[in-house]
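S.K.: Handing you a structure now.
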Amino acid sequence: MKKPWGGRFKKKTDSAMERFSASVDYDQRLYAYDIEGSIAHCKMLAKCKIIAAAESKKIVVGLNKIRKEIESGRFVFDAALEDVHMNIESRLIEIVGPVGGKLHTGRSRNDQICLDVRLYLRHETCEIQRLLQRLNRALFAQAKKTVDHIIPGYTHMQRAQPVRLAHHLLAYLEMLGRDADRLWDNLKRIDVMPLGAAALAGAGYPLDRAYVAKLLKFPEISHNSMDAVGDRDFMIEFCANASILMMHLSRFCEELVLWSASEFDFVELSDAFTTGSSIMPQKKNPDAAELTRAKTGRVYGNLVSLLALMKSLPMAYNRDLQEDKEALFDTVDTVKDCLEVFGGMIQSARFKKIPVQRLESAGFLTATEMADYLAERGVPFRQAHEITGKAVALCIESGRQSLSELSLAELKAMWPKFKADIFDYLTIEGCVDRKNVYGGTARKQVMKQIARWERKLKNN
Ligand code: ARG
């Protein structure tokens, strides 16, 4: 196969080198963006009278034909032609004749690949947003259903204070909401049109770059040709945002794995998102959560790959940059798969109501309330903490599971001014609803946040 750059070469490329330098196996997925970009470039060349209108039309017809060939599976990609760009260009010349060779006027593969990848990432960012929205809606619906479910809240993985399950779920909605914001914000830096930068110095033709940007719906064009072909920060930023998103999902996954274990028994995941064991008939495994948790690692890995790839690279374009694509594609694919499965898993999960006796029976969830009771009555908080600690110790020594099982006489022995109203403080529900500060877990506050998310999700 004759190489488009073959003019100055006398010897054939070594076959190992050919395989080594080819990216078409994976960059062929950019074909639609490559063709869309080429059509815009070609129309602009005609508009600027750099090529004739009739030539431009011919090229556009050829490009559309190639698109159909690829979509119907008839197109044969050839590794000898390195990448998606040269495969399409060679075929174009086959179809329309030598005039196809005019398409590349004022353009280099260096700015072409940047354009393709920016178009691709813009599209995929929107796809990811759509999947993230779906997950967020599912999460919101579950929060709405579980306002009156109370669970133990944990710190250090030890029972700490009771919280509403909805509050816990809304915490994830906050995190995922920020993830969505970050991805949108990244779009500003993805959505920049690089064509015209050519190899590195800018094209030597009077190109109408704004016109290309308009055709391809870019709000901005790049301001420096070397930056345009040489940097990949928009991609690294995307991978960083994806990593943060996956980090959030992995935390939630970890909890779902724990919560679906019989020791917790807070949730039942649907059969549709769990799998069985080939040996133990009773098992229903939370694989969707486990796999999402695991895939977080490779998304981090992709981010680190890109950072390492870019480290110390001199300006402007270097062939190293070809190695950016697999990390990017894998990140996009992984995040989309995870969001899709995770969204379905959340939507179909059944969160169980934990009986109050179970909440009262371990962990002394209301201990802080007793300390607050004392502090409200003038006992310095440190001393209140100490008295309550003694009460907890007494319970443990005497085999009682909850502070509310102590008698008023026992309490008075520790602090004489205890009155019967202490027992109102020691109920789980009362304890939750006293956290009535903005952002707290009291029913009133949780309802406020539910209303806020209802508005937010509607506006999106
Ligand atoms: N396949 C290349 C890449 O992905 C396209 C640009 C190649 N440019 C070059 N001068 N070899 O980066």
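Scheme for the structure tokens: letters A, B, ... for chains in order shown; per-chain residue numbers from 1; ligand numbers from 1 in order shown.
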Listing only residues of chain A within 10 Å of ligand 1, what is the closest atom pair and its distance in Å (to one decimal) for each, using only C-alpha atoms and all ligand atoms, sorted by chain and residue number ascending, as JSON lines?

M.R.:
{"residue": "A:Trp5", "atom": "CA", "partner": "ligand 1", "partner_atom_place_in_ligand_line": "11 (N)", "distance": 9.4}
{"residue": "A:Ser21", "atom": "CA", "partner": "ligand 1", "partner_atom_place_in_ligand_line": "1 (N)", "distance": 8.3}
{"residue": "A:Ala22", "atom": "CA", "partner": "ligand 1", "partner_atom_place_in_ligand_line": "1 (N)", "distance": 7.4}
{"residue": "A:Ser23", "atom": "CA", "partner": "ligand 1", "partner_atom_place_in_ligand_line": "1 (N)", "distance": 5.9}
{"residue": "A:Val24", "atom": "CA", "partner": "ligand 1", "partner_atom_place_in_ligand_line": "1 (N)", "distance": 7.7}
{"residue": "A:Tyr26", "atom": "CA", "partner": "ligand 1", "partner_atom_place_in_ligand_line": "4 (O)", "distance": 9.8}
{"residue": "A:Asp27", "atom": "CA", "partner": "ligand 1", "partner_atom_place_in_ligand_line": "4 (O)", "distance": 7.4}
{"residue": "A:Glu82", "atom": "CA", "partner": "ligand 1", "partner_atom_place_in_ligand_line": "1 (N)", "distance": 6.9}
{"residue": "A:Asp83", "atom": "CA", "partner": "ligand 1", "partner_atom_place_in_ligand_line": "1 (N)", "distance": 5.2}
{"residue": "A:Val84", "atom": "CA", "partner": "ligand 1", "partner_atom_place_in_ligand_line": "1 (N)", "distance": 7.5}
{"residue": "A:His85", "atom": "CA", "partner": "ligand 1", "partner_atom_place_in_ligand_line": "5 (C)", "distance": 7.4}
{"residue": "A:Met86", "atom": "CA", "partner": "ligand 1", "partner_atom_place_in_ligand_line": "1 (N)", "distance": 8.9}
{"residue": "A:Ser108", "atom": "CA", "partner": "ligand 1", "partner_atom_place_in_ligand_line": "8 (N)", "distance": 7.3}
{"residue": "A:Arg109", "atom": "CA", "partner": "ligand 1", "partner_atom_place_in_ligand_line": "6 (C)", "distance": 4.5}
{"residue": "A:Asn110", "atom": "CA", "partner": "ligand 1", "partner_atom_place_in_ligand_line": "6 (C)", "distance": 4.6}
{"residue": "A:Asp111", "atom": "CA", "partner": "ligand 1", "partner_atom_place_in_ligand_line": "6 (C)", "distance": 7.8}
{"residue": "A:Gln112", "atom": "CA", "partner": "ligand 1", "partner_atom_place_in_ligand_line": "6 (C)", "distance": 7.4}
{"residue": "A:Ile113", "atom": "CA", "partner": "ligand 1", "partner_atom_place_in_ligand_line": "5 (C)", "distance": 5.4}
{"residue": "A:Cys114", "atom": "CA", "partner": "ligand 1", "partner_atom_place_in_ligand_line": "12 (O)", "distance": 7.9}
{"residue": "A:Asp116", "atom": "CA", "partner": "ligand 1", "partner_atom_place_in_ligand_line": "4 (O)", "distance": 9.8}
{"residue": "A:Val117", "atom": "CA", "partner": "ligand 1", "partner_atom_place_in_ligand_line": "4 (O)", "distance": 9.2}
{"residue": "A:Ala199", "atom": "CA", "partner": "ligand 1", "partner_atom_place_in_ligand_line": "10 (N)", "distance": 7.5}
{"residue": "A:Val229", "atom": "CA", "partner": "ligand 1", "partner_atom_place_in_ligand_line": "12 (O)", "distance": 9.3}
{"residue": "A:Gly230", "atom": "CA", "partner": "ligand 1", "partner_atom_place_in_ligand_line": "12 (O)", "distance": 10.0}
{"residue": "A:Tyr317", "atom": "CA", "partner": "ligand 1", "partner_atom_place_in_ligand_line": "10 (N)", "distance": 7.7}
{"residue": "A:Asn318", "atom": "CA", "partner": "ligand 1", "partner_atom_place_in_ligand_line": "10 (N)", "distance": 7.6}
{"residue": "A:Arg319", "atom": "CA", "partner": "ligand 1", "partner_atom_place_in_ligand_line": "12 (O)", "distance": 5.9}
{"residue": "A:Asp320", "atom": "CA", "partner": "ligand 1", "partner_atom_place_in_ligand_line": "12 (O)", "distance": 7.4}
{"residue": "A:Leu321", "atom": "CA", "partner": "ligand 1", "partner_atom_place_in_ligand_line": "12 (O)", "distance": 5.1}
{"residue": "A:Gln322", "atom": "CA", "partner": "ligand 1", "partner_atom_place_in_ligand_line": "4 (O)", "distance": 3.5}
{"residue": "A:Glu323", "atom": "CA", "partner": "ligand 1", "partner_atom_place_in_ligand_line": "4 (O)", "distance": 6.9}
{"residue": "A:Asp324", "atom": "CA", "partner": "ligand 1", "partner_atom_place_in_ligand_line": "4 (O)", "distance": 7.6}
{"residue": "A:Lys325", "atom": "CA", "partner": "ligand 1", "partner_atom_place_in_ligand_line": "4 (O)", "distance": 7.1}

S.K.: Among segment 87-196 of chain A, which ones does DSSP assign to strand (DSSP E or B) (computed from the backbone)? Answer as a list in words.

M.R.: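 The residues of segment 87-196 of chain A classed as strand (DSSP E or B) are Ile150, Ile151, Pro152, Gly153, Tyr154, Thr155, Gln158, Arg159, Ala160, Gln161, Pro162, Val163, Arg164, Val192 and Met193 of chain A.
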
S.K.: Show which residues sit within 12 Å of segment 432-442 of chain A, as an MDAnalysis selection string. Count only C-alpha atoms, and ignore same-chain residues fewer than 6 positions away.

M.R.: chainID A and resid 147:153 160:171 174 365:366 368:369 372:373 424:426 448:450 452

S.K.: If you keep N, CA, C and O atoms, can you produce a file of those selected residues as a compact mmCIF listing (two decimals), in the first residue's frame?

M.R.:
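again-v3.txt was written with the following content:
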# COMPACT_ATOMS: atom_id res chain seq x y z
N VAL A 147 -37.12 8.56 53.51
CA VAL A 147 -36.98 9.64 54.49
C VAL A 147 -37.21 9.10 55.90
O VAL A 147 -36.58 9.53 56.86
N ASP A 148 -38.10 8.13 56.04
CA ASP A 148 -38.40 7.63 57.38
C ASP A 148 -37.66 6.34 57.73
O ASP A 148 -37.98 5.71 58.73
N HIS A 149 -36.69 5.99 56.91
CA HIS A 149 -35.82 4.87 57.29
C HIS A 149 -34.65 5.44 58.07
O HIS A 149 -33.98 6.34 57.57
N ILE A 150 -34.41 4.90 59.23
CA ILE A 150 -33.25 5.38 60.00
C ILE A 150 -32.19 4.28 60.03
O ILE A 150 -32.51 3.11 60.21
N ILE A 151 -30.97 4.70 59.78
CA ILE A 151 -29.85 3.74 59.81
C ILE A 151 -28.80 4.26 60.80
O ILE A 151 -28.81 5.45 61.14
N PRO A 152 -27.91 3.42 61.23
CA PRO A 152 -26.80 3.94 62.03
C PRO A 152 -25.86 4.70 61.10
O PRO A 152 -25.56 4.22 60.01
N GLY A 153 -25.46 5.88 61.51
CA GLY A 153 -24.41 6.57 60.76
C GLY A 153 -23.08 6.13 61.37
O GLY A 153 -23.02 5.87 62.58
N ALA A 160 -22.05 5.50 65.10
CA ALA A 160 -21.82 6.84 65.65
C ALA A 160 -23.13 7.49 66.08
O ALA A 160 -23.43 7.54 67.28
N GLN A 161 -23.90 7.96 65.13
CA GLN A 161 -25.19 8.57 65.45
C GLN A 161 -26.20 8.13 64.39
O GLN A 161 -25.81 7.92 63.24
N PRO A 162 -27.45 8.03 64.78
CA PRO A 162 -28.44 7.61 63.78
C PRO A 162 -28.69 8.71 62.75
O PRO A 162 -28.63 9.89 63.08
N VAL A 163 -28.93 8.30 61.52
CA VAL A 163 -29.25 9.28 60.45
C VAL A 163 -30.38 8.70 59.60
O VAL A 163 -30.63 7.50 59.63
N ARG A 164 -31.01 9.58 58.87
CA ARG A 164 -32.02 9.10 57.92
C ARG A 164 -31.29 8.50 56.71
O ARG A 164 -30.31 9.08 56.23
N LEU A 165 -31.81 7.39 56.22
CA LEU A 165 -31.19 6.78 55.04
C LEU A 165 -31.19 7.78 53.88
O LEU A 165 -30.22 7.88 53.12
N ALA A 166 -32.29 8.53 53.77
CA ALA A 166 -32.37 9.52 52.69
C ALA A 166 -31.21 10.51 52.77
O ALA A 166 -30.67 10.94 51.75
N HIS A 167 -30.83 10.85 53.98
CA HIS A 167 -29.73 11.79 54.19
C HIS A 167 -28.43 11.20 53.65
O HIS A 167 -27.64 11.88 53.00
N HIS A 168 -28.25 9.94 53.94
CA HIS A 168 -27.07 9.21 53.46
C HIS A 168 -27.08 9.16 51.93
O HIS A 168 -26.07 9.45 51.27
N LEU A 169 -28.21 8.85 51.36
CA LEU A 169 -28.29 8.76 49.88
C LEU A 169 -28.10 10.14 49.24
O LEU A 169 -27.44 10.28 48.21
N LEU A 170 -28.66 11.15 49.90
CA LEU A 170 -28.50 12.51 49.36
C LEU A 170 -27.06 12.98 49.44
O LEU A 170 -26.63 13.83 48.65
N ALA A 171 -26.30 12.43 50.37
CA ALA A 171 -24.87 12.78 50.41
C ALA A 171 -24.21 12.35 49.10
O ALA A 171 -23.40 13.08 48.52
N GLU A 174 -25.13 14.69 46.34
CA GLU A 174 -24.28 15.89 46.36
C GLU A 174 -22.98 15.63 45.62
O GLU A 174 -22.53 16.43 44.79
N LEU A 365 -26.06 4.55 70.00
CA LEU A 365 -26.18 5.64 69.03
C LEU A 365 -26.64 6.96 69.65
O LEU A 365 -26.44 8.02 69.08
N THR A 366 -27.28 6.89 70.84
CA THR A 366 -27.84 8.12 71.40
C THR A 366 -26.93 8.74 72.47
O THR A 366 -27.32 9.67 73.15
N THR A 368 -24.38 10.70 72.33
CA THR A 368 -24.12 12.14 72.19
C THR A 368 -25.31 12.96 72.70
O THR A 368 -25.13 14.06 73.22
N GLU A 369 -26.50 12.36 72.57
CA GLU A 369 -27.69 13.08 73.03
C GLU A 369 -27.66 13.29 74.53
O GLU A 369 -28.05 14.33 75.04
N ASP A 372 -25.35 16.01 75.25
CA ASP A 372 -25.97 17.30 74.92
C ASP A 372 -26.99 17.71 75.98
O ASP A 372 -27.10 18.88 76.35
N TYR A 373 -27.75 16.72 76.47
CA TYR A 373 -28.76 16.98 77.52
C TYR A 373 -28.08 17.65 78.71
O TYR A 373 -28.52 18.64 79.24
N ASP A 424 -36.64 11.19 76.76
CA ASP A 424 -37.07 11.71 75.44
C ASP A 424 -35.85 11.90 74.53
O ASP A 424 -35.93 11.78 73.31
N TYR A 425 -34.72 12.23 75.14
CA TYR A 425 -33.50 12.46 74.36
C TYR A 425 -32.92 11.15 73.83
O TYR A 425 -32.13 11.15 72.91
N LEU A 426 -33.30 10.07 74.51
CA LEU A 426 -32.64 8.81 74.18
C LEU A 426 -33.39 7.97 73.15
O LEU A 426 -33.00 6.86 72.86
N LYS A 448 -36.23 19.49 53.08
CA LYS A 448 -35.77 20.71 52.40
C LYS A 448 -34.82 20.36 51.25
O LYS A 448 -34.91 20.91 50.15
N GLN A 449 -33.92 19.42 51.52
CA GLN A 449 -32.95 19.02 50.48
C GLN A 449 -33.63 18.23 49.37
O GLN A 449 -33.22 18.31 48.20
N ILE A 450 -34.64 17.47 49.75
CA ILE A 450 -35.38 16.72 48.72
C ILE A 450 -36.06 17.71 47.77
O ILE A 450 -36.01 17.56 46.55
N ARG A 452 -35.07 20.72 47.18
CA ARG A 452 -34.01 21.37 46.40
C ARG A 452 -33.58 20.49 45.23
O ARG A 452 -33.43 20.96 44.10

S.K.: I'd like the contact shell of Val379 of chain A - 12 Å cut-off, only C-alpha atoms, skipping same-chain residues fewer than 5 positions apart - returned as a PyMOL selection string.

M.R.: chain A and resi 370-374+384-388+415-418

S.K.: Show which residues sit within 10 Å of Leu256 of chain A, as a PyMOL selection string. Count only C-alpha atoms, and ignore same-chain residues fewer than 5 positions away.

M.R.: chain A and resi 250-251+261+264-269+286+288-290+345-346+349

S.K.: Please run DSSP on the backbone and report, as a ChimeraX atom specification, all residues within segment 154-262 of chain A that come out as alpha helix (DSSP H).

M.R.: /A:165-190,209-215,225-230,233-259

S.K.: Would you compute the distance between atom CA of His41 of chain A and atom CA of Val212 of chain A? Give it in Å to one decimal.

M.R.: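 Here the two named atoms are 6.2 Å from each other.
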
S.K.: What does the structure give for the distance between atom CA of Phe234 of chain A and atom CA of Lys43 of chain A, in Å to one decimal?

M.R.: 27.2 Å

S.K.: Give me, please, the distance in Å between atom CA of Asp337 of chain A and atom CA of Pro281 of chain A, quoted to one decimal.

M.R.: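 If I compute the distance from atom CA of Asp337 of chain A to atom CA of Pro281 of chain A, I get 28.0 Å.
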
S.K.: Name the closest residue to Ser222 of chain A among the candidates A:Leu176, A:Asp287, A:Leu115, A:Arg137; distances are taken between atoms, counting only C-alpha atoms.

M.R.: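 With only C-alpha atoms as the atom set, the closest residue is A:Leu115.
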